[in-house]
>>> print(open('final27.cif').read())   # mmCIF, C-alpha atoms
data_upload
loop_
_atom_site.label_atom_id
_atom_site.label_comp_id
_atom_site.auth_asym_id
_atom_site.auth_seq_id
_atom_site.Cartn_x
_atom_site.Cartn_y
_atom_site.Cartn_z
CA VAL A 29 -13.90 -2.71 2.25
CA GLY A 30 -16.92 -3.23 0.01
CA PHE A 31 -14.90 -3.17 -3.21
CA GLU A 32 -13.91 -6.86 -3.31
CA ASN A 33 -16.24 -8.37 -0.71
CA TYR A 34 -19.28 -9.04 -2.89
CA LEU A 35 -20.61 -12.59 -2.63
CA PHE A 36 -23.71 -13.87 -4.44
CA GLY A 37 -24.98 -10.31 -4.89
CA ILE A 38 -24.53 -9.41 -1.22
CA PRO A 39 -22.34 -6.25 -0.89
CA GLN A 40 -20.48 -7.49 2.20
CA GLY A 41 -21.22 -11.18 1.80
CA LEU A 42 -17.59 -12.29 1.59
CA LEU A 43 -16.71 -10.21 4.65
CA VAL A 44 -19.54 -11.87 6.59
CA LEU A 45 -18.16 -15.25 5.54
CA LYS A 46 -14.70 -14.28 6.75
CA VAL A 47 -16.11 -13.19 10.10
CA PHE A 48 -17.90 -16.55 10.33
CA LEU A 49 -14.67 -18.44 9.59
CA LEU A 50 -12.84 -16.32 12.17
CA ALA A 51 -15.43 -17.24 14.78
CA ILE A 52 -15.08 -20.94 13.93
CA ALA A 53 -11.28 -20.80 14.18
CA ILE A 54 -11.39 -19.07 17.57
CA THR A 55 -13.97 -21.58 18.80
CA ILE A 56 -11.75 -24.50 17.78
CA VAL A 57 -8.77 -22.95 19.55
CA PHE A 58 -10.91 -22.43 22.65
CA MET A 59 -11.99 -26.06 22.61
CA LYS A 60 -8.37 -27.27 22.23
CA ARG A 61 -6.88 -24.76 24.65
CA THR A 62 -5.71 -27.43 27.10
CA ASN A 63 -3.23 -28.73 24.52
CA PHE A 64 -1.21 -25.51 24.53
CA SER A 65 0.48 -23.20 27.01
CA PRO A 66 -0.86 -19.64 27.48
CA ILE A 67 2.01 -18.22 25.39
CA VAL A 68 1.32 -20.60 22.52
CA LEU A 69 -2.41 -19.86 22.71
CA PHE A 70 -1.72 -16.14 22.52
CA ILE A 71 0.46 -16.52 19.43
CA ILE A 72 -2.08 -18.80 17.71
CA LEU A 73 -4.92 -16.35 18.37
CA TRP A 74 -2.72 -13.47 17.26
CA THR A 75 -1.97 -15.27 13.99
CA ILE A 76 -5.63 -16.10 13.36
CA THR A 77 -6.77 -12.51 13.85
CA ALA A 78 -3.81 -11.25 11.77
CA ILE A 79 -4.88 -13.53 8.91
CA PHE A 80 -8.37 -12.04 9.16
CA SER A 81 -6.89 -8.53 9.06
CA ALA A 82 -4.67 -9.29 6.05
CA PHE A 83 -7.62 -10.61 4.04
CA PHE A 84 -10.19 -8.17 5.44
CA SER A 85 -10.46 -5.98 2.34
CA GLY A 86 -10.26 -8.83 -0.16
CA ARG A 87 -7.52 -7.12 -2.18
CA PRO A 88 -4.17 -8.96 -2.49
CA TYR A 89 -1.83 -6.05 -1.79
CA THR A 90 1.52 -7.21 -0.45
CA HIS A 91 1.75 -4.67 2.36
CA TYR A 92 -1.34 -6.18 3.99
CA LEU A 93 0.77 -9.22 4.82
CA LEU A 94 2.99 -7.12 7.07
CA MET A 95 0.28 -7.42 9.73
CA LEU A 96 0.68 -11.18 9.58
CA LEU A 97 4.46 -11.39 9.58
CA PRO A 98 5.34 -11.01 13.33
CA SER A 99 2.86 -13.53 14.69
CA PHE A 100 3.47 -15.93 11.80
CA CYS A 101 7.23 -15.96 12.48
CA LEU A 102 6.57 -16.78 16.14
CA LEU A 103 4.12 -19.48 15.12
CA VAL A 104 6.69 -21.11 12.84
CA GLY A 105 9.17 -21.11 15.73
CA ILE A 106 6.64 -22.90 17.91
CA ALA A 107 5.87 -25.44 15.18
CA LEU A 108 9.57 -26.32 14.90
CA THR A 109 9.74 -27.41 18.52
CA LYS A 110 10.26 -31.14 19.11
CA SER A 111 6.78 -31.86 20.31
CA SER A 112 5.05 -35.03 19.20
CA LYS A 113 1.63 -33.95 20.39
CA PRO A 114 -1.05 -34.33 17.69
CA ALA A 115 -1.97 -30.68 18.19
CA TYR A 116 1.49 -29.57 17.07
CA GLN A 117 1.35 -31.87 14.06
CA TRP A 118 -1.90 -30.22 13.01
CA LEU A 119 -0.29 -26.85 13.62
CA ARG A 120 2.52 -27.70 11.21
CA LEU A 121 0.05 -28.80 8.55
CA GLY A 122 -1.92 -25.60 9.09
CA ILE A 123 1.18 -23.46 8.55
CA LEU A 124 2.03 -25.36 5.35
CA GLY A 125 -1.52 -24.85 4.10
CA LEU A 126 -1.43 -21.14 4.94
CA VAL A 127 1.85 -20.58 3.11
CA THR A 128 0.52 -22.42 0.05
CA PHE A 129 -2.66 -20.34 0.12
CA ILE A 130 -0.76 -17.05 0.38
CA ILE A 131 1.57 -17.94 -2.50
CA PHE A 132 -1.48 -18.83 -4.61
CA LEU A 133 -3.41 -15.66 -3.74
CA PHE A 134 -0.45 -13.28 -3.82
CA PRO A 135 1.29 -14.11 -7.12
CA ILE A 136 3.72 -11.25 -6.52
CA TYR A 137 5.80 -13.72 -4.53
CA GLY A 138 8.06 -15.80 -6.70
CA VAL A 139 11.63 -16.76 -7.37
CA GLY A 140 11.73 -14.89 -10.68
CA LYS A 141 10.87 -11.51 -9.22
CA THR A 142 13.23 -12.00 -6.28
CA MET A 143 16.16 -12.94 -8.54
CA ALA A 144 15.43 -9.99 -10.84
CA TYR A 145 15.50 -7.64 -7.84
CA TYR A 146 19.00 -8.72 -6.81
CA GLN A 147 20.18 -8.77 -10.41
CA ASN A 148 19.04 -5.17 -10.86
CA THR A 149 20.90 -4.13 -7.70
CA TYR A 150 24.05 -6.02 -8.70
CA LEU A 151 24.17 -4.43 -12.16
CA PHE A 152 23.68 -0.96 -10.68
CA ILE A 153 26.40 -1.35 -8.03
CA ASN A 154 28.86 -2.63 -10.64
CA GLY A 155 28.19 0.26 -12.99
CA GLN A 156 26.51 -1.88 -15.64
CA ARG A 157 23.19 -0.09 -15.24
CA ASP A 158 22.65 3.66 -14.90
CA LEU A 159 20.51 5.25 -12.20
CA ARG A 160 17.49 5.81 -14.42
CA SER A 161 17.44 2.20 -15.63
CA TYR A 162 17.85 1.00 -12.05
CA ARG A 163 14.80 2.99 -10.97
CA GLU A 164 12.76 1.94 -14.00
CA PHE A 165 13.00 -1.65 -12.77
CA PHE A 166 10.57 -0.82 -9.95
CA ASP A 167 8.13 1.14 -12.13
CA SER A 168 8.37 3.05 -15.39
CA LYS A 169 7.15 6.19 -13.58
CA THR A 170 9.77 6.01 -10.80
CA PRO A 171 12.45 8.10 -12.61
CA ARG A 172 9.80 10.73 -13.36
CA ASP A 173 8.82 10.88 -9.69
CA TYR A 174 12.43 11.50 -8.65
CA VAL A 175 12.81 14.25 -11.26
CA LEU A 176 9.65 15.97 -10.02
CA ALA A 177 10.81 15.69 -6.41
CA SER A 178 14.12 17.28 -7.40
CA PHE A 179 12.26 20.08 -9.19
CA ILE A 180 10.09 20.74 -6.13
CA LYS A 181 13.07 20.86 -3.76
CA GLY A 182 14.83 23.31 -6.07
CA HIS A 183 11.86 25.66 -6.55
CA VAL A 184 10.01 25.87 -3.25
CA LYS A 185 10.76 27.32 0.17
CA PRO A 186 10.30 25.29 3.36
CA ASP A 187 6.93 26.94 4.07
CA ASP A 188 5.60 26.58 0.49
CA GLU A 189 2.89 24.02 -0.17
CA ILE A 190 2.31 21.81 -3.22
CA PHE A 191 -0.58 19.75 -4.53
CA ILE A 192 -0.14 16.70 -6.75
CA TRP A 193 -3.09 15.58 -8.85
CA GLY A 194 -2.19 11.99 -9.56
CA ASN A 195 -1.55 8.62 -7.99
CA SER A 196 2.13 8.93 -7.08
CA ALA A 197 1.94 9.88 -3.42
CA GLN A 198 5.62 9.03 -3.07
CA ILE A 199 6.47 12.39 -4.65
CA TYR A 200 5.33 14.08 -1.45
CA ALA A 201 7.71 11.93 0.58
CA LEU A 202 10.61 12.38 -1.85
CA SER A 203 10.20 16.17 -1.76
CA ASP A 204 9.61 16.38 2.03
CA LYS A 205 6.14 17.85 1.57
CA LEU A 206 2.63 17.03 2.74
CA PRO A 207 -0.59 17.17 0.70
CA PRO A 208 -3.06 19.97 1.48
CA TYR A 209 -5.80 17.45 2.23
CA LYS A 210 -5.98 14.10 4.01
CA TYR A 211 -5.98 12.12 0.76
CA THR A 212 -2.69 11.72 -1.06
CA VAL A 213 -3.86 10.26 -4.39
CA ALA A 214 -6.47 11.11 -7.01
CA TYR A 215 -8.15 7.69 -7.09
CA HIS A 216 -9.32 8.26 -3.53
CA VAL A 217 -10.60 11.79 -4.15
CA ILE A 218 -12.64 10.97 -7.26
CA GLN A 219 -14.75 8.45 -5.36
CA SER A 220 -17.38 11.06 -4.51
CA GLU A 221 -18.43 14.63 -5.14
CA VAL A 222 -18.03 15.32 -1.42
CA LEU A 223 -14.33 14.47 -1.50
CA LEU A 224 -13.81 16.57 -4.62
CA LYS A 225 -15.53 19.50 -2.90
CA GLU A 226 -13.46 19.10 0.27
CA THR A 227 -10.25 18.92 -1.76
CA GLN A 228 -11.24 22.08 -3.61
CA GLU A 229 -11.78 23.82 -0.28
CA ALA A 230 -8.38 22.63 0.96
CA ILE A 231 -6.68 24.01 -2.17
CA ASP A 232 -8.45 27.36 -1.72
CA ILE A 233 -7.33 27.57 1.90
CA VAL A 234 -3.75 26.35 1.54
CA GLN A 235 -3.09 27.96 -1.86
CA PRO A 236 -0.13 25.75 -2.79
CA LYS A 237 2.66 27.34 -4.77
CA TYR A 238 2.57 24.55 -7.34
CA ILE A 239 -0.18 22.26 -8.57
CA ILE A 240 1.31 19.28 -10.41
CA VAL A 241 -0.91 17.28 -12.76
CA LEU A 242 0.54 13.89 -13.67
CA PRO A 243 0.00 12.77 -17.29
CA GLU A 244 -1.64 9.43 -16.48
CA THR A 245 -4.37 11.15 -14.42
CA GLN A 246 -7.68 12.62 -15.59
CA PRO A 247 -7.74 16.40 -16.22
CA LEU A 248 -7.64 18.66 -13.18
CA PRO A 249 -11.25 18.87 -11.89
CA PHE A 250 -10.67 21.90 -9.63
CA ARG A 251 -11.09 25.64 -10.11
CA VAL A 252 -7.66 27.26 -10.05
CA PRO A 253 -8.11 30.79 -11.46
CA LEU A 254 -4.96 32.11 -9.74
CA TYR A 255 -2.72 29.54 -11.43
CA ILE A 256 -0.96 29.51 -14.78
CA ILE A 257 0.87 26.69 -16.54
CA ARG A 258 4.59 27.32 -16.15
CA PHE A 259 6.45 24.03 -16.57
CA ASN A 260 6.28 20.64 -18.23
CA VAL A 261 8.51 18.14 -16.45
CA GLU A 262 8.61 14.62 -17.88
CA GLY A 263 5.04 15.08 -19.14
CA ALA A 264 3.72 16.44 -15.84
CA ILE A 265 2.02 19.83 -16.16
CA ILE A 266 3.00 22.23 -13.36
CA TYR A 267 0.76 25.16 -12.47
CA GLU A 268 2.25 28.03 -10.48
CA ARG A 269 0.29 30.42 -8.31
CA SER A 270 0.39 33.87 -9.89
CA LEU A 271 -0.50 35.85 -6.74
#
>>> encode(input="final27.cif", output="structure tokens")
Amino acid sequence: VGFENYLFGIPQGLLVLKVFLLAIAITIVFMKRTNFSPIVLFIILWTITAIFSAFFSGRPYTHYLLMLLPSFCLLVGIALTKSSKPAYQWLRLGILGLVTFIIFLFPIYGVGKTMAYYQNTYLFINGQRDLRSYREFFDSKTPRDYVLASFIKGHVKPDDEIFIWGNSAQIYALSDKLPPYKYTVAYHVIQSEVLLKETQEAIDIVQPKYIIVLPETQPLPFRVPLYIIRFNVEGAIIYERSL
């Protein structure tokens, strides 16, 4: 929360500003409440608080907008009603402004990326692109993650545990495994010595069969005396428990 909310040297200054703007928006809605039905008021307030939630952290990650999607869709439906009230005209302008703001702040949205997505799928379905190339479209590391997941499924038993030191938490999901600790990626763990210590304790308790160190991650910072390097899969170093 404090990572992108600095404002004029104040650690949470931008967050305070957002809270202030939220309070103003709710106050305006309260003052104009007689212009709308209870259902419309609920959806407007829902959208306002969802906008606050989506921009709470200050980081433009696309999945944050999922919180905004349901109420926003309902709000658009309301705005398309044939009402000539000035309040509805302002509502339509507000929606247009919000969409423009989101497109500006979240550059991931665009016609080019959308067209490339469908093109990639079309080429794969028609046999003009192999599976590895299809997966590389999403991220250059995606094929590697699938290979590692296949390795894990072929080398572990249902009750065996694994630990992945890296930032590809999707490998856990692809291999039907859970991490030994509450954090799934390295960039969360390295934030403090406390988290590193707690992760070390979790490894000592769980004793995963394999510890997988991804090549793009810093060296393994944990003590693993019972483990030896056994495999190298697509650049990922795999330690196996010896006892």
>>> resolve_selection(input="final27.cif", expression="the PyMOL selection byres ((chain A and resi 236) around 8)", output="VMD selection string")
chain A and resid 188 to 191 208 231 234 to 235 237 to 239 269
>>> atom_distance(input="final27.cif", atom1="CA of Ile192 in chain A", atom2="CA of Tyr215 in chain A")
12.1 Å
>>> closest_residue(input="final27.cif", among="A:Ala177, A:Tyr200, A:Val68, A:Tyr89", to="Thr109 in chain A", atoms="all atoms listed in the file")
A:Val68
>>> resolve_selection(input="final27.cif", expression="the PyMOL selection byres ((chain A and resi 195) around 10)", output="list in words")
Ile192, Trp193, Gly194, Ser196, Ala197, Gln198, Ile199, Thr212, Val213, Ala214, Tyr215, His216, Val241, Leu242, Glu244 and Thr245 of chain A
>>> resolve_selection(input="final27.cif", expression="the PyMOL selection byres ((chain A and resi 34) around 12)", output="PyMOL selection string")
chain A and resi 29-33+35-46+85-87
>>> axis_aligned_box(input="final27.cif", around="range 173-181 of chain A", padding_each_side="8 Å", output="lines of an AutoDock Vina configuration file")
center_x = 11.5
center_y = 15.9
center_z = -7.5
size_x = 21.3
size_y = 26.0
size_z = 23.5
>>> atom_distance(input="final27.cif", atom1="CA of Pro98 in chain A", atom2="CA of Ile79 in chain A")
11.4 Å
>>> closest_residue(input="final27.cif", among="A:Lys205, A:Arg251, A:Lys185, A:Arg120", to="Leu224 in chain A", atoms="only C-alpha atoms")
A:Arg251
>>> residues_around(input="final27.cif", residues="Ile56 in chain A", least_positions_apart="5", cutoff="12 Å", atoms="only C-alpha atoms", output="list in words")
Leu49, Leu50, Ala51, Arg61, Thr62, Asn63, Leu69, Ile72, Leu73, Ile76 and Ala115 of chain A
>>> write_last_selection(input="final27.cif", atoms="C-alpha atoms", output="compact mmCIF listing (two decimals), keeping the file's coordinate frame")
# COMPACT_ATOMS: atom_id res chain seq x y z
CA LEU A 49 -14.67 -18.44 9.59
CA LEU A 50 -12.84 -16.32 12.17
CA ALA A 51 -15.43 -17.24 14.78
CA ARG A 61 -6.88 -24.76 24.65
CA THR A 62 -5.71 -27.43 27.10
CA ASN A 63 -3.23 -28.73 24.52
CA LEU A 69 -2.41 -19.86 22.71
CA ILE A 72 -2.08 -18.80 17.71
CA LEU A 73 -4.92 -16.35 18.37
CA ILE A 76 -5.63 -16.10 13.36
CA ALA A 115 -1.97 -30.68 18.19
>>> closest_residue(input="final27.cif", among="A:Leu93, A:Leu176, A:Leu102, A:Leu159", to="Ile266 in chain A", atoms="only C-alpha atoms")
A:Leu176
>>> atom_distance(input="final27.cif", atom1="CA of Ile265 in chain A", atom2="CA of Tyr211 in chain A")
20.2 Å
>>> closest_residue(input="final27.cif", among="A:Phe165, A:Ile106, A:Ser81, A:Arg258", to="Ser65 in chain A", atoms="all atoms listed in the file")
A:Ile106
>>> closest_residue(input="final27.cif", among="A:Tyr145, A:Phe70, A:Phe166, A:Phe80", to="Met95 in chain A", atoms="all atoms listed in the file")
A:Phe80
>>> closest_residue(input="final27.cif", among="A:Leu254, A:Phe259, A:Phe152, A:Asp187", to="Leu271 in chain A", atoms="only C-alpha atoms")
A:Leu254
